[in-house]
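Down below is the structure, laid out as structure tokens.
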Amino acid sequence: MRRHLLILSGLVLATALTAPAAAQDLLNVSYDPTRELYEELNAAFAKHWKAKTGKDVTIQQSHGGAAKQARAVIDGLEADVITLALAYDIDAVAEAGLLAKDWQKRLPHNSSPYTSTIVFLVRKGNPKGIKDWGDLVKPGVQVITPNPKTSGGARWNYLAGWAYALKQPGGDAAKAKAFVAAIYKNVPVLDSGARGSTNTFVQRGIGDVLLAWENEAFLSIKELGPDKVDIVAPSLSILAEPPVAIVDKTVDKKKTRAVAQAYLEYLYSPEGQEIAARNYYRPRLEAVARKYAAGFPKVNLITIDEAFGGWQKAQKEHFADGGLFDQIYQPK
Amino acid sequence: MKITLEKPNVLPGFGLAMGFTLFYLALVVLVPLSTLFWKSATLGGGALWAAVTAPRVLASYKLTIGASLVAASLNAVFGMVVTWVLVRYRFPGRRLVDALVDFPFALPTAVAGITLTTLYAPNGWLGAPLEKLGIKAAFTPLGITLALTFIGLPFVVRTLQPVLELLDPEVEEAAASLGANRWQTILRVVLPTLFPAWLTGFAMAFARALGEYGSVVFIAGNMPMKTEITPLLIITKLEQYDYAGATAIAAVTLIFSFVLLVAINRFQSERARLGTTD
């Protein structure tokens, strides 16, 4: 499968290089775990664009931590489209005046063509019997999650735990704070990024449960084989919406708006949605979602808007300096 | 007796050479540094003070400076031994050992970090036996110190080596023939000659350790108040798009290294003025 892709993208690249001046270049600046997804999507889109318009398009990819990527774009990396882990990072780019402030309203579903959620990865056979968020605060359970101050993915983890506590009978902000603090009491190592945490859990053998993006959890199982780890879906989790946007400043300068727009819309098309689902992202399109429903565990998903009033607010209350996350570790 | 030399005239003219030196230093060192201070100054006094004295930041200074001091001291002692062996003895494989000293320089820091973490993690080759003894290495200040010792070694060895090579064994023999015993020779003849280079090596290893990120961040564990190093807090601030806060903390580390280096320079020029023999 991967080999075919490689050959295909090689061919696409070769035709693009030999093509006349009509060929266009797009740069997609994305975050870390989307590497495989966009390799497949880019090849498919190039074919689709060629069939539709007769023109060639080459899509370059750049991957890294979401905030680092956003900073690179702010500092002048000429991205036509940005596809990052959370709206807050694209907001930062918009704040710098590179795209319209209302970017999230320009595409359907909060500009997030695919979604994911936070699940648990446990050791094979689940020796500690971890079933839900409540089990994470038990004494003797070690939880692995990255530092939310440095990792966008880790912020989803933190907020998912908070949302769970909030939705329990009699749950309120004070109880949620105590619950999340109890989870972090069980965290022995805070890596700076999501892949680092996966390494700590898988390679170093530290911890009983890894909080992970669902697509990353599936990828780990695919890479490690099903005899090492199991996925446990909690009763409730957060709907992670990694958004996409066109960078107005760049596409206007490079005259690539039409193809960039078509590229992002392609993500919402049935083919694009199928590719997302095959790469373990939850598709938005009803028909595709039904087709792949068996692959995704049933979880009660709540959005950041309903539980936290949007990213800007969540970021300020929880992750800013002196915010709720810092208070967990601040000496009394 | 004093020997006077003619003015060295390798470079064409003092004016041109000095002008170039200043221009080059300004371009490579001063401009980036002044940007740093300018950026952190955008915070304003109160916010700046709050940013650099938050409890988490203070805890990270303590850890970073403490671990760097211990690592640089370890390197000062064992780097001296390594240098002595490399310079004074001829043995098979000496060139290989000599090349190995540069290894921490050549290795990308992130690779060093991942390797050390794998080695010292509770299931690693060295971490597992240590764990049995009840010692946790990775994800504790001990692990951070180990990583900083690793990257600091070449600084001490490479600054000591040329000086020790110039110190002729005949000087020691002369001391012995004048009636000095082994200890007196080392304390009164060898160490005073090596001391300035030794101190410089120590200071460089220390300054490098203060700013080290790549090799430490994997083995540190990054627990707030416990194992967060100062460079991690700088990255943390950047992740939150807090450029001013990040540069403020960076400026504090910079001032600290700078004061240390200046103090050592002053100390050495004082010593040179007073004469090295006491």
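Residues in the structure tokens are named by chain (A, B, ... in the order shown) and by number from 1 within that chain; ligands are numbered from 1 in the order shown.
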
So that each row is one residue of chain B with an atom at most 12 Å from chain A, can you give its shortest atom pair and the distance in Å to one decimal, using only C-alpha atoms, rows by chain and rising number, as a tab-separated table?
residue	atom	partner	partner_atom	distance
B:Ala47	CA	A:Asp321	CA	11.8
B:Ala50	CA	A:Asp321	CA	10.5
B:Ala51	CA	A:Asp321	CA	8.9
B:Val52	CA	A:Asp321	CA	11.8
B:Ala54	CA	A:Gly322	CA	8.8
B:Pro55	CA	A:Gln330	CA	7.3
B:Arg56	CA	A:Gln330	CA	7.3
B:Val57	CA	A:Asp321	CA	10.9
B:Leu58	CA	A:Gln330	CA	11.7
B:Ala59	CA	A:Gln330	CA	10.6
B:Ala110	CA	A:Gly196	CA	11.8
B:Gly113	CA	A:Gly196	CA	11.8
B:Ile114	CA	A:Gly196	CA	9.8
B:Thr115	CA	A:Arg204	CA	11.7
B:Leu116	CA	A:Arg204	CA	11.9
B:Thr117	CA	A:Arg204	CA	8.6
B:Thr118	CA	A:Arg204	CA	6.9
B:Leu119	CA	A:Arg204	CA	9.6
B:Tyr120	CA	A:Arg204	CA	9.6
B:Ala121	CA	A:Arg204	CA	6.2
B:Pro122	CA	A:Arg204	CA	7.2
B:Asn123	CA	A:Arg204	CA	6.1
B:Gly124	CA	A:Arg204	CA	7.5
B:Trp125	CA	A:Arg204	CA	11.2
B:Gly127	CA	A:Arg204	CA	10.4
B:Ala128	CA	A:Arg204	CA	10.9
B:Lys136	CA	A:Pro188	CA	11.9
B:Ala138	CA	A:Val189	CA	9.8
B:Phe139	CA	A:Val189	CA	6.7
B:Thr140	CA	A:Val189	CA	9.5
B:Tyr213	CA	A:Ser192	CA	11.4
B:Gly214	CA	A:Ser192	CA	11.2
B:Val216	CA	A:Asp191	CA	11.4
B:Val217	CA	A:Ser192	CA	7.6
B:Phe218	CA	A:Asp191	CA	7.1
B:Ile219	CA	A:Asp191	CA	9.2
B:Ala220	CA	A:Val189	CA	8.3
B:Gly221	CA	A:Val189	CA	4.5
B:Asn222	CA	A:Leu190	CA	5.2
B:Met223	CA	A:Leu190	CA	5.8
B:Pro224	CA	A:Tyr329	CA	6.1
B:Met225	CA	A:Tyr329	CA	7.0
B:Lys226	CA	A:Tyr329	CA	9.5
B:Thr227	CA	A:Val189	CA	9.3
B:Glu228	CA	A:Leu190	CA	9.5
B:Ile229	CA	A:Ser192	CA	12.0
B:Leu232	CA	A:Ser192	CA	8.5
B:Leu233	CA	A:Thr150	CA	9.1
B:Ile234	CA	A:Thr150	CA	10.2
B:Ile235	CA	A:Thr150	CA	7.4
B:Thr236	CA	A:Thr150	CA	5.2
B:Lys237	CA	A:Lys149	CA	8.0
B:Leu238	CA	A:Lys68	CA	8.2
B:Glu239	CA	A:Ala67	CA	5.4
B:Gln240	CA	A:Lys149	CA	7.4
B:Tyr241	CA	A:Arg71	CA	7.7
B:Asp242	CA	A:Ala320	CA	9.6
B:Tyr243	CA	A:Arg71	CA	10.3
B:Gly245	CA	A:Asp321	CA	10.0
B:Ala246	CA	A:Asp321	CA	11.8

### Task
Please run DSSP on the backbone and report, as number ranges by chain, all residues within segment 33-93 of chain A that come out as helix (DSSP H, G or I).
A: 33-53, 66-74, 87-93

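With distances restricted to only C-alpha atoms, B:Asp102 is the closest residue to Phe150 of chain B from B:Asp102, B:Glu165, B:Glu173, B:Glu131.
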
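Atom pair atom CA of Glu36 of chain A / atom CA of His109 of chain A has a distance of 22.7 Å (rounded to one decimal).
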
### Query
Mind checking DSSP for segment 77-193 of chain A and telling me the strand (DSSP E) residues as a count of residues only?
15

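Compared by their closest atoms to Pro104 of chain B, and using only C-alpha atoms, the residues B:Thr149, B:Ser34, B:Thr53, B:Thr253 rank with B:Thr149 nearest.
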
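Atom CA of Ala272 of chain B lies 24.4 Å from atom CA of Phe256 of chain B.
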
#### Entry: Long-range neighbours of Glu170 of chain B as a ChimeraX atom specification, 12 Å cut-off, only C-alpha atoms, 6 positions minimum in chain
/B:176-177,185,189-190

Non-local contacts of segment 41-43 of chain B (9 Å; only C-alpha atoms; under 6 positions in same chain excluded) as a PDB file with all heavy atoms, in the first residue's frame:
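around_12.pdb, freshly written:
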ATOM      1  N   ALA B 244       7.835  37.989  24.539  1.00  0.00           N
ATOM      2  CA  ALA B 244       8.483  38.866  25.510  1.00  0.00           C
ATOM      3  C   ALA B 244       8.878  38.085  26.761  1.00  0.00           C
ATOM      4  O   ALA B 244       9.993  38.220  27.263  1.00  0.00           O
ATOM      5  CB  ALA B 244       7.561  40.019  25.853  1.00  0.00           C
ATOM      6  N   GLY B 245       7.962  37.259  27.270  1.00  0.00           N
ATOM      7  CA  GLY B 245       8.262  36.474  28.468  1.00  0.00           C
ATOM      8  C   GLY B 245       9.430  35.533  28.220  1.00  0.00           C
ATOM      9  O   GLY B 245      10.300  35.362  29.074  1.00  0.00           O
ATOM     10  N   THR B 247      11.910  35.858  26.046  1.00  0.00           N
ATOM     11  CA  THR B 247      13.184  36.566  25.955  1.00  0.00           C
ATOM     12  C   THR B 247      13.604  37.095  27.323  1.00  0.00           C
ATOM     13  O   THR B 247      14.796  37.195  27.608  1.00  0.00           O
ATOM     14  CB  THR B 247      13.117  37.722  24.937  1.00  0.00           C
ATOM     15  OG1 THR B 247      11.946  38.471  25.193  1.00  0.00           O
ATOM     16  CG2 THR B 247      13.115  37.212  23.527  1.00  0.00           C
ATOM     17  N   ALA B 248      12.620  37.420  28.179  1.00  0.00           N
ATOM     18  CA  ALA B 248      12.964  37.908  29.515  1.00  0.00           C
ATOM     19  C   ALA B 248      13.733  36.830  30.283  1.00  0.00           C
ATOM     20  O   ALA B 248      14.775  37.100  30.874  1.00  0.00           O
ATOM     21  CB  ALA B 248      11.703  38.316  30.272  1.00  0.00           C
TER      22      ALA B 248
END

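Between Ala46 of chain A and the candidates A:Ile246, A:Ala174, A:Leu98, A:Val259, the tightest atom-to-atom separation, counting only C-alpha atoms, involves A:Val259.
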